[in-house]
file start_35.txt (compact mmCIF, C-alpha atoms)
# COMPACT_ATOMS: atom_id res chain seq x y z
CA MET A 1 29.99 4.52 -18.78
CA ALA A 2 26.72 6.32 -18.03
CA ALA A 3 24.94 7.75 -21.07
CA TRP A 4 21.58 8.95 -22.30
CA ASN A 5 19.64 6.01 -23.75
CA GLU A 6 17.17 6.17 -26.59
CA THR A 7 13.87 4.90 -25.15
CA CYS A 8 11.41 5.80 -27.92
CA ARG A 9 11.54 6.69 -31.62
CA SER A 10 8.37 7.69 -33.41
CA VAL A 11 6.56 10.06 -35.79
CA VAL A 12 3.60 12.42 -35.45
CA SER A 13 0.52 11.08 -37.23
CA PRO A 14 -2.00 13.61 -38.65
CA TRP A 15 -4.81 12.24 -36.49
CA GLU A 16 -2.72 12.96 -33.36
CA CYS A 17 -2.74 16.71 -34.05
CA ASP A 18 -5.17 19.41 -32.91
CA VAL A 19 -6.96 21.98 -35.11
CA THR A 20 -3.77 24.04 -35.40
CA GLU A 21 -1.87 20.96 -36.68
CA HIS A 22 0.24 20.68 -33.52
CA PHE A 23 1.00 17.39 -31.80
CA THR A 24 -1.67 17.01 -29.09
CA ILE A 25 -0.26 16.90 -25.54
CA ALA A 26 -2.03 13.63 -24.72
CA TYR A 27 0.00 11.90 -27.44
CA TYR A 28 3.25 13.37 -26.10
CA PHE A 29 2.35 11.48 -22.93
CA ASP A 30 1.50 8.36 -24.90
CA ARG A 31 5.10 8.20 -26.15
CA LEU A 32 6.48 9.41 -22.84
CA ALA A 33 4.79 6.47 -21.12
CA ASP A 34 6.65 4.09 -23.44
CA ALA A 35 9.95 5.82 -22.69
CA ALA A 36 9.27 5.75 -18.96
CA VAL A 37 8.54 2.02 -18.90
CA THR A 38 11.65 1.24 -20.94
CA THR A 39 13.81 3.34 -18.60
CA GLU A 40 12.30 1.81 -15.48
CA GLU A 41 12.87 -1.70 -16.82
CA ASN A 42 16.48 -0.89 -17.71
CA LEU A 43 17.09 0.33 -14.15
CA GLY A 44 15.22 -2.50 -12.42
CA LEU A 45 12.47 -0.14 -11.23
CA ARG A 46 9.43 -1.59 -13.02
CA GLU A 47 7.85 -2.93 -9.83
CA LEU A 48 8.37 0.40 -8.03
CA ALA A 49 6.89 2.39 -10.92
CA GLY A 50 3.81 0.18 -10.95
CA SER A 51 3.10 0.44 -7.23
CA GLY A 52 4.34 3.77 -5.88
CA PRO A 53 3.35 7.39 -6.60
CA ARG A 54 5.08 9.17 -9.45
CA ARG A 55 5.12 12.74 -10.70
CA PHE A 56 5.85 14.27 -14.11
CA ASP A 57 7.10 17.83 -14.54
CA VAL A 58 7.06 18.85 -18.20
CA ARG A 59 8.26 21.97 -20.01
CA PHE A 60 7.30 22.24 -23.67
CA VAL A 61 9.76 24.23 -25.77
CA ARG A 62 8.59 23.88 -29.36
CA GLU A 63 5.65 22.33 -31.18
CA LEU A 64 5.86 19.21 -33.31
CA ARG A 65 3.65 19.01 -36.40
CA ALA A 66 2.13 16.20 -38.45
CA GLY A 67 4.83 14.16 -40.16
CA ALA A 68 7.59 15.17 -37.75
CA SER A 69 9.99 12.48 -36.53
CA PHE A 70 11.17 12.52 -32.94
CA HIS A 71 12.90 10.38 -30.36
CA ILE A 72 13.32 10.36 -26.58
CA LEU A 73 16.56 10.13 -24.60
CA SER A 74 16.29 9.07 -20.96
CA ALA A 75 18.53 8.61 -17.92
CA PRO A 76 18.44 8.72 -14.10
CA ILE A 77 19.33 12.23 -12.92
CA ALA A 78 18.89 12.16 -9.13
CA LEU A 79 18.51 9.73 -6.25
CA ASP A 80 17.77 10.27 -2.57
CA GLU A 81 16.36 8.33 0.36
CA ASN A 82 12.75 8.75 -0.78
CA SER A 83 12.76 9.01 -4.56
CA VAL A 84 14.42 8.40 -7.90
CA ARG A 85 14.26 11.12 -10.54
CA LEU A 86 14.46 10.29 -14.23
CA GLY A 87 15.06 12.75 -17.05
CA HIS A 88 13.54 12.49 -20.53
CA GLN A 89 14.44 14.69 -23.50
CA ILE A 90 11.95 14.71 -26.40
CA ILE A 91 14.03 15.56 -29.47
CA ASP A 92 13.17 16.51 -33.05
CA SER A 93 15.02 13.77 -34.96
CA ALA A 94 15.47 15.94 -38.07
CA GLY A 95 17.21 18.88 -36.41
CA GLY A 96 18.31 17.51 -33.04
CA GLU A 97 16.49 20.24 -31.12
CA VAL A 98 14.89 19.44 -27.76
CA THR A 99 11.15 20.07 -28.01
CA ALA A 100 10.23 19.14 -24.43
CA TRP A 101 12.01 18.50 -21.12
CA VAL A 102 10.49 15.98 -18.71
CA GLU A 103 11.42 15.07 -15.13
CA GLU A 104 9.77 11.93 -13.75
CA THR A 105 9.94 11.36 -9.99
CA LEU A 106 9.31 7.87 -8.55
CA ASP A 107 8.49 7.83 -4.83
CA HIS A 108 9.88 4.79 -3.01
CA THR A 109 9.21 5.97 0.57
CA ALA A 110 7.01 2.95 1.29
CA ALA A 111 9.56 0.46 -0.06
CA PRO A 112 13.22 1.56 0.23
CA LEU A 113 15.47 0.43 -2.59
CA PRO A 114 17.88 -2.44 -1.94
CA ARG A 115 21.47 -1.28 -1.53
CA ASN A 116 22.69 -3.06 -4.68
CA LEU A 117 19.98 -1.38 -6.77
CA ARG A 118 20.79 2.04 -5.29
CA ASP A 119 24.47 1.56 -6.06
CA ALA A 120 23.68 0.52 -9.65
CA ILE A 121 21.49 3.60 -10.21
CA GLU A 122 24.02 5.94 -8.60
CA GLY A 123 26.61 4.68 -11.07
CA ARG A 124 24.39 5.74 -13.98
CA LEU A 125 23.37 9.21 -12.77
CA LEU A 126 23.80 12.03 -15.28
CA ALA A 127 23.64 15.81 -14.94
CA TRP A 128 20.32 17.29 -16.05
CA PRO A 129 20.91 19.71 -18.96
CA GLY A 130 17.33 21.01 -18.94
CA PRO A 131 15.69 23.89 -17.07
CA ALA A 132 15.04 23.63 -13.35
CA VAL A 133 11.52 22.63 -12.34
CA GLU A 134 9.42 25.36 -10.78
CA ARG A 135 8.08 23.78 -7.58
CA ARG A 136 4.56 24.82 -6.67
CA PRO A 137 2.54 23.97 -3.55
CA GLU A 138 -0.15 21.31 -3.80
CA PRO A 139 -3.77 22.39 -3.13
CA THR A 140 -4.68 22.11 0.54
CA THR A 141 -8.46 22.19 0.07
CA MET A 142 -11.06 21.22 -2.55
CA LYS A 143 -13.41 24.01 -1.44
CA GLN A 144 -13.23 26.12 -4.61
CA PHE A 145 -12.99 23.24 -7.08
CA ILE A 146 -15.94 22.58 -9.39
CA SER A 147 -17.11 19.39 -11.10
CA THR A 148 -16.04 19.37 -14.73
CA VAL A 149 -15.84 15.80 -16.04
CA ARG A 150 -17.77 12.65 -15.18
CA ASP A 151 -16.57 9.68 -17.17
CA ARG A 152 -15.90 5.94 -17.16
CA ILE A 153 -12.67 4.12 -17.91
CA LYS A 154 -12.83 2.25 -21.21
CA PRO A 155 -10.59 -0.59 -22.43
CA MET A 156 -8.86 1.78 -24.88
CA ASP A 157 -7.83 3.98 -21.92
CA LEU A 158 -5.68 1.30 -20.31
CA ALA A 159 -1.92 0.96 -20.51
CA SER A 160 -0.10 -2.37 -20.86
CA ASN A 161 -0.12 -2.78 -17.07
CA GLY A 162 -3.93 -2.61 -16.98
CA ARG A 163 -4.03 0.83 -15.36
CA LEU A 164 -5.28 4.14 -16.72
CA ALA A 165 -2.74 5.37 -19.28
CA LEU A 166 -1.04 8.76 -18.96
CA SER A 167 -2.61 9.89 -22.25
CA ALA A 168 -6.08 9.04 -20.90
CA PHE A 169 -5.44 11.24 -17.86
CA VAL A 170 -4.46 14.14 -20.13
CA HIS A 171 -7.50 13.72 -22.38
CA ARG A 172 -9.72 14.06 -19.27
CA PHE A 173 -7.68 17.02 -18.06
CA THR A 174 -8.20 18.78 -21.40
CA ALA A 175 -11.95 18.22 -21.23
CA GLY A 176 -12.00 19.41 -17.62
CA SER A 177 -10.09 22.58 -18.51
CA ILE A 178 -12.57 23.47 -21.24
CA GLN A 179 -15.51 22.82 -18.90
CA ALA A 180 -13.90 24.95 -16.19
CA LEU A 181 -13.40 27.85 -18.61
CA ALA A 182 -17.01 27.59 -19.73
CA ALA A 183 -18.15 27.64 -16.10
CA ILE A 184 -16.53 31.05 -15.55
CA GLY A 185 -17.71 32.48 -18.85
CA ALA A 186 -14.46 32.04 -20.77
CA THR A 187 -15.98 30.44 -23.84
CA GLY A 188 -13.88 29.43 -26.82
CA VAL A 189 -12.78 31.93 -29.45
CA ARG A 190 -13.37 30.78 -33.00
CA LEU A 191 -10.68 30.74 -35.68
CA ILE A 192 -11.70 32.11 -39.07
CA ASP A 193 -9.73 29.39 -40.85
CA GLU A 194 -9.54 25.72 -39.92
CA ARG A 195 -5.74 25.76 -40.23
CA PRO A 196 -2.99 28.42 -40.16
CA ARG A 197 -2.26 30.44 -43.30
CA HIS A 198 1.21 31.00 -44.74
CA GLY A 199 2.32 34.55 -44.00
CA SER A 200 5.30 36.63 -45.07
CA MET A 201 8.87 35.59 -44.26
CA GLY A 202 7.76 32.00 -43.68
CA ALA A 203 5.54 32.79 -40.69
CA SER A 204 2.27 30.99 -39.92
CA ILE A 205 -0.71 33.25 -39.25
CA ALA A 206 -4.26 32.81 -38.04
CA PHE A 207 -7.17 35.18 -37.43
CA LEU A 208 -9.56 35.10 -34.48
CA HIS A 209 -13.21 35.66 -35.29
CA PRO A 210 -14.24 39.30 -34.58
CA GLY A 211 -17.67 38.09 -33.45
CA ASP A 212 -16.05 36.61 -30.33
CA LEU A 213 -13.82 39.62 -29.60
CA GLY A 214 -16.13 42.62 -29.66
CA GLY A 215 -15.85 43.18 -33.40
CA VAL A 216 -12.04 43.32 -33.41
CA LEU A 217 -10.21 41.18 -35.99
CA THR A 218 -7.15 39.72 -34.22
CA GLU A 219 -4.15 38.19 -35.97
CA LEU A 220 -1.88 35.54 -34.40
CA VAL A 221 1.62 35.13 -35.80
CA GLN A 222 4.02 32.22 -35.26
CA PRO A 223 7.55 32.99 -36.50
CA PRO A 224 9.21 30.43 -38.81
CA ARG A 225 11.37 27.77 -37.17
call {"tool": "encode", "arguments": {"input": "start_35.txt", "output": "structure tokens"}}
result
Amino acid sequence: MAAWNETCRSVVSPWECDVTEHFTIAYYFDRLADAAVTTEENLGLRELAGSGPRRFDVRFVRELRAGASFHILSAPIALDENSVRLGHQIIDSAGGEVTAWVEETLDHTAAPLPRNLRDAIEGRLLAWPGPAVERRPEPTTMKQFISTVRDRIKPMDLASNGRLALSAFVHRFTAGSIQALAAIGATGVRLIDERPRHGSMGASIAFLHPGDLGGVLTELVQPPR
């Protein structure tokens, strides 16, 4: 009987968190990569995943913090003539709440799946309980793009298959985003404290530096979970 399979079980280490003590997105993708490989191997798709294009659509629902335990449930959720779509649920192990929904699409246009493999995957398809992906058009020109990151691939950036790891892509994307914001004058706003304060009713609060906001002291509030 088809079922969601556990493909990763882990914890959030303090050094994997950003200045607000939230699990950094690059490390979500580090664990997601493990879950993806395990799922692809279970379905007999490892060769396809290593050679064809693939796409990840991710919706983050709630932050994970240092010390949190979480696991990932995965399953095939769609199959057509050109692609296989896998679903991954990143779940807070303590409360059972989904913290992120991930759809992974493997393109097999260049190498159609054998009939026996298609039949096996079809027999394991499950309904996707997560939100629908918002499809957006791909850029048609590079005319308005600007250079933001120039880097080299280092041994620590490689996955087990010898290719650039998903987490390494995201680390570069983060750096590129910051450079792009700086290029248009959107410089960073400083926090007064290095970490959130404990507010009333269990909320977490933080204050933005008035020197970066025209002399206005701004408070950010995150309700308790």
call {"tool": "closest_atom_pairs", "arguments": {"input": "start_35.txt", "of": "range 141-161 of chain A", "to": "range 50-66 of chain A", "cutoff": "12 Å", "atoms": "only C-alpha atoms", "output": "tab-separated table"}}
result
residue	atom	partner	partner_atom	distance
A:Ala159	CA	A:Gly50	CA	11.2
A:Ser160	CA	A:Gly50	CA	11.0
A:Asn161	CA	A:Gly50	CA	7.9
call {"tool": "residues_around", "arguments": {"input": "start_35.txt", "residues": "Ile25 in chain A", "least_positions_apart": "2", "cutoff": "12 Å", "atoms": "all atoms listed in the file", "output": "ChimeraX atom specification"}}
result
/A:12,16-18,21-23,27-32,58-60,62-65,100,166-174
call {"tool": "residues_around", "arguments": {"input": "start_35.txt", "residues": "Thr148 in chain A", "least_positions_apart": "2", "cutoff": "12 Å", "atoms": "only C-alpha atoms", "output": "PyMOL selection string"}}
result
chain A and resi 145-146+150-151+172-184
call {"tool": "write_last_selection", "arguments": {"input": "start_35.txt", "atoms": "C-alpha atoms", "output": "short mmCIF file (atom, residue, chain, number, x, y, z; two decimals), in the frame of the given file"}}
result
data_model
loop_
_atom_site.label_atom_id
_atom_site.label_comp_id
_atom_site.auth_asym_id
_atom_site.auth_seq_id
_atom_site.Cartn_x
_atom_site.Cartn_y
_atom_site.Cartn_z
CA PHE A 145 -12.99 23.24 -7.08
CA ILE A 146 -15.94 22.58 -9.39
CA ARG A 150 -17.77 12.65 -15.18
CA ASP A 151 -16.57 9.68 -17.17
CA ARG A 172 -9.72 14.06 -19.27
CA PHE A 173 -7.68 17.02 -18.06
CA THR A 174 -8.20 18.78 -21.40
CA ALA A 175 -11.95 18.22 -21.23
CA GLY A 176 -12.00 19.41 -17.62
CA SER A 177 -10.09 22.58 -18.51
CA ILE A 178 -12.57 23.47 -21.24
CA GLN A 179 -15.51 22.82 -18.90
CA ALA A 180 -13.90 24.95 -16.19
CA LEU A 181 -13.40 27.85 -18.61
CA ALA A 182 -17.01 27.59 -19.73
CA ALA A 183 -18.15 27.64 -16.10
CA ILE A 184 -16.53 31.05 -15.55
#
call {"tool": "residues_around", "arguments": {"input": "start_35.txt", "residues": "range 203-210 of chain A", "least_positions_apart": "5", "cutoff": "6 Å", "atoms": "only C-alpha atoms", "output": "list in words"}}
result
Arg190, Leu191, Ile192, Pro196, Arg197, His198, Gly215, Val216, Leu217, Thr218, Glu219, Leu220, Val221, Gln222, Pro223 and Pro224 of chain A
call {"tool": "atom_distance", "arguments": {"input": "start_35.txt", "atom1": "CA of Asp193 in chain A", "atom2": "CA of Ala94 in chain A"}}
result
28.7 Å
call {"tool": "residues_near_point", "arguments": {"input": "start_35.txt", "point": "(15.2, 4.4, -21.4)", "cutoff": "7 Å", "atoms": "all atoms listed in the file", "output": "PyMOL selection string"}}
result
chain A and resi 5-7+35-36+38-39+42+73-75
call {"tool": "write_last_selection", "arguments": {"input": "start_35.txt", "atoms": "C-alpha atoms", "output": "compact mmCIF listing (two decimals), keeping the file's coordinate frame"}}
result
# COMPACT_ATOMS: atom_id res chain seq x y z
CA ASN A 5 19.64 6.01 -23.75
CA GLU A 6 17.17 6.17 -26.59
CA THR A 7 13.87 4.90 -25.15
CA ALA A 35 9.95 5.82 -22.69
CA ALA A 36 9.27 5.75 -18.96
CA THR A 38 11.65 1.24 -20.94
CA THR A 39 13.81 3.34 -18.60
CA ASN A 42 16.48 -0.89 -17.71
CA LEU A 73 16.56 10.13 -24.60
CA SER A 74 16.29 9.07 -20.96
CA ALA A 75 18.53 8.61 -17.92
call {"tool": "closest_residue", "arguments": {"input": "start_35.txt", "among": "A:Phe70, A:Glu81, A:Gly202, A:Gly185", "to": "Pro114 in chain A", "atoms": "all atoms listed in the file"}}
result
A:Glu81
call {"tool": "atom_distance", "arguments": {"input": "start_35.txt", "atom1": "CA of Pro112 in chain A", "atom2": "CA of Ile77 in chain A"}}
result
18.0 Å
call {"tool": "atom_distance", "arguments": {"input": "start_35.txt", "atom1": "CA of Ala26 in chain A", "atom2": "CA of Arg163 in chain A"}}
result
16.0 Å
call {"tool": "closest_residue", "arguments": {"input": "start_35.txt", "among": "A:Gly214, A:Gly67, A:Gly44, A:Pro139", "to": "Ser13 in chain A", "atoms": "all atoms listed in the file"}}
result
A:Gly67
call {"tool": "closest_residue", "arguments": {"input": "start_35.txt", "among": "A:Val102, A:Ile72, A:Met156, A:Ala110", "to": "Cys8 in chain A", "atoms": "only C-alpha atoms"}}
result
A:Ile72
call {"tool": "residues_around", "arguments": {"input": "start_35.txt", "residues": "Leu125 in chain A", "least_positions_apart": "4", "cutoff": "12 Å", "atoms": "only C-alpha atoms", "output": "VMD selection string"}}
result
chain A and resid 1 to 4 43 74 to 80 84 to 87 118 to 121
call {"tool": "decode", "arguments": {"input": "start_35.txt", "residues": "range 34-68 of chain A", "atoms": "N, CA and C atoms", "output": "mmCIF file, in the first residue's frame"}}
result
data_model
loop_
_atom_site.group_PDB
_atom_site.id
_atom_site.type_symbol
_atom_site.label_atom_id
_atom_site.label_comp_id
_atom_site.auth_asym_id
_atom_site.auth_seq_id
_atom_site.Cartn_x
_atom_site.Cartn_y
_atom_site.Cartn_z
ATOM 1 N N ASP A 34 19.160 15.316 1.055
ATOM 2 C CA ASP A 34 19.231 13.940 1.552
ATOM 3 C C ASP A 34 17.909 13.211 1.326
ATOM 4 N N ALA A 35 16.808 13.902 1.638
ATOM 5 C CA ALA A 35 15.488 13.288 1.459
ATOM 6 C C ALA A 35 15.211 12.997 -0.011
ATOM 7 N N ALA A 36 15.620 13.906 -0.875
ATOM 8 C CA ALA A 36 15.383 13.732 -2.303
ATOM 9 C C ALA A 36 16.138 12.521 -2.842
ATOM 10 N N VAL A 37 17.409 12.383 -2.461
ATOM 11 C CA VAL A 37 18.199 11.249 -2.935
ATOM 12 C C VAL A 37 17.600 9.933 -2.445
ATOM 13 N N THR A 38 17.210 9.889 -1.182
ATOM 14 C CA THR A 38 16.616 8.673 -0.634
ATOM 15 C C THR A 38 15.337 8.302 -1.387
ATOM 16 N N THR A 39 14.496 9.298 -1.660
ATOM 17 C CA THR A 39 13.243 9.046 -2.389
ATOM 18 C C THR A 39 13.514 8.559 -3.800
ATOM 19 N N GLU A 40 14.460 9.213 -4.471
ATOM 20 C CA GLU A 40 14.787 8.839 -5.848
ATOM 21 C C GLU A 40 15.353 7.419 -5.919
ATOM 22 N N GLU A 41 16.168 7.066 -4.939
ATOM 23 C CA GLU A 41 16.701 5.695 -4.902
ATOM 24 C C GLU A 41 15.588 4.687 -4.663
ATOM 25 N N ASN A 42 14.670 5.008 -3.758
ATOM 26 C CA ASN A 42 13.565 4.093 -3.465
ATOM 27 C C ASN A 42 12.668 3.855 -4.680
ATOM 28 N N LEU A 43 12.587 4.861 -5.562
ATOM 29 C CA LEU A 43 11.719 4.759 -6.736
ATOM 30 C C LEU A 43 12.460 4.306 -7.988
ATOM 31 N N GLY A 44 13.782 4.103 -7.872
ATOM 32 C CA GLY A 44 14.565 3.718 -9.040
ATOM 33 C C GLY A 44 14.847 4.872 -9.980
ATOM 34 N N LEU A 45 14.901 6.104 -9.432
ATOM 35 C CA LEU A 45 15.070 7.302 -10.260
ATOM 36 C C LEU A 45 16.416 7.979 -10.057
ATOM 37 N N ARG A 46 17.357 7.330 -9.383
ATOM 38 C CA ARG A 46 18.623 7.989 -9.063
ATOM 39 C C ARG A 46 19.365 8.446 -10.320
ATOM 40 N N GLU A 47 19.385 7.614 -11.361
ATOM 41 C CA GLU A 47 20.092 7.985 -12.582
ATOM 42 C C GLU A 47 19.426 9.183 -13.255
ATOM 43 N N LEU A 48 18.083 9.206 -13.268
ATOM 44 C CA LEU A 48 17.360 10.325 -13.858
ATOM 45 C C LEU A 48 17.640 11.607 -13.089
ATOM 46 N N ALA A 49 17.613 11.547 -11.763
ATOM 47 C CA ALA A 49 17.828 12.738 -10.945
ATOM 48 C C ALA A 49 19.227 13.306 -11.140
ATOM 49 N N GLY A 50 20.186 12.430 -11.441
ATOM 50 C CA GLY A 50 21.553 12.893 -11.597
ATOM 51 C C GLY A 50 21.873 13.433 -12.970
ATOM 52 N N SER A 51 20.972 13.212 -13.940
ATOM 53 C CA SER A 51 21.286 13.614 -15.311
ATOM 54 C C SER A 51 20.315 14.639 -15.890
ATOM 55 N N GLY A 52 19.061 14.610 -15.462
ATOM 56 C CA GLY A 52 18.070 15.510 -16.051
ATOM 57 C C GLY A 52 17.815 16.742 -15.204
ATOM 58 N N PRO A 53 17.136 17.744 -15.777
ATOM 59 C CA PRO A 53 16.781 18.949 -15.014
ATOM 60 C C PRO A 53 15.799 18.615 -13.900
ATOM 61 N N ARG A 54 15.871 19.372 -12.821
ATOM 62 C CA ARG A 54 14.873 19.225 -11.760
ATOM 63 C C ARG A 54 14.581 20.581 -11.155
ATOM 64 N N ARG A 55 13.394 20.707 -10.588
ATOM 65 C CA ARG A 55 12.911 21.978 -10.068
ATOM 66 C C ARG A 55 12.335 21.751 -8.677
ATOM 67 N N PHE A 56 12.600 22.702 -7.775
ATOM 68 C CA PHE A 56 12.034 22.657 -6.429
ATOM 69 C C PHE A 56 11.134 23.875 -6.227
ATOM 70 N N ASP A 57 9.909 23.616 -5.790
ATOM 71 C CA ASP A 57 8.989 24.682 -5.391
ATOM 72 C C ASP A 57 8.740 24.511 -3.896
ATOM 73 N N VAL A 58 9.097 25.536 -3.124
ATOM 74 C CA VAL A 58 9.068 25.428 -1.664
ATOM 75 C C VAL A 58 8.177 26.509 -1.071
ATOM 76 N N ARG A 59 7.354 26.118 -0.110
ATOM 77 C CA ARG A 59 6.574 27.099 0.664
ATOM 78 C C ARG A 59 6.875 26.880 2.146
ATOM 79 N N PHE A 60 7.500 27.892 2.758
ATOM 80 C CA PHE A 60 7.809 27.824 4.186
ATOM 81 C C PHE A 60 6.602 28.304 4.985
ATOM 82 N N VAL A 61 6.258 27.533 6.018
ATOM 83 C CA VAL A 61 5.073 27.825 6.817
ATOM 84 C C VAL A 61 5.443 28.376 8.190
ATOM 85 N N ARG A 62 6.437 27.773 8.805
ATOM 86 C CA ARG A 62 6.835 28.193 10.150
ATOM 87 C C ARG A 62 8.323 27.958 10.334
ATOM 88 N N GLU A 63 8.950 28.838 11.127
ATOM 89 C CA GLU A 63 10.385 28.743 11.367
ATOM 90 C C GLU A 63 10.728 27.609 12.331
ATOM 91 N N LEU A 64 11.893 27.023 12.118
ATOM 92 C CA LEU A 64 12.484 26.107 13.092
ATOM 93 C C LEU A 64 13.628 26.842 13.782
ATOM 94 N N ARG A 65 13.832 26.566 15.056
ATOM 95 C CA ARG A 65 14.880 27.241 15.822
ATOM 96 C C ARG A 65 15.934 26.240 16.279
ATOM 97 N N ALA A 66 17.029 26.766 16.801
ATOM 98 C CA ALA A 66 18.123 25.929 17.292
ATOM 99 C C ALA A 66 17.594 24.915 18.308
ATOM 100 N N GLY A 67 17.988 23.667 18.147
ATOM 101 C CA GLY A 67 17.566 22.613 19.056
ATOM 102 C C GLY A 67 16.298 21.898 18.629
ATOM 103 N N ALA A 68 15.611 22.409 17.614
ATOM 104 C CA ALA A 68 14.371 21.767 17.160
ATOM 105 C C ALA A 68 14.682 20.438 16.466
#
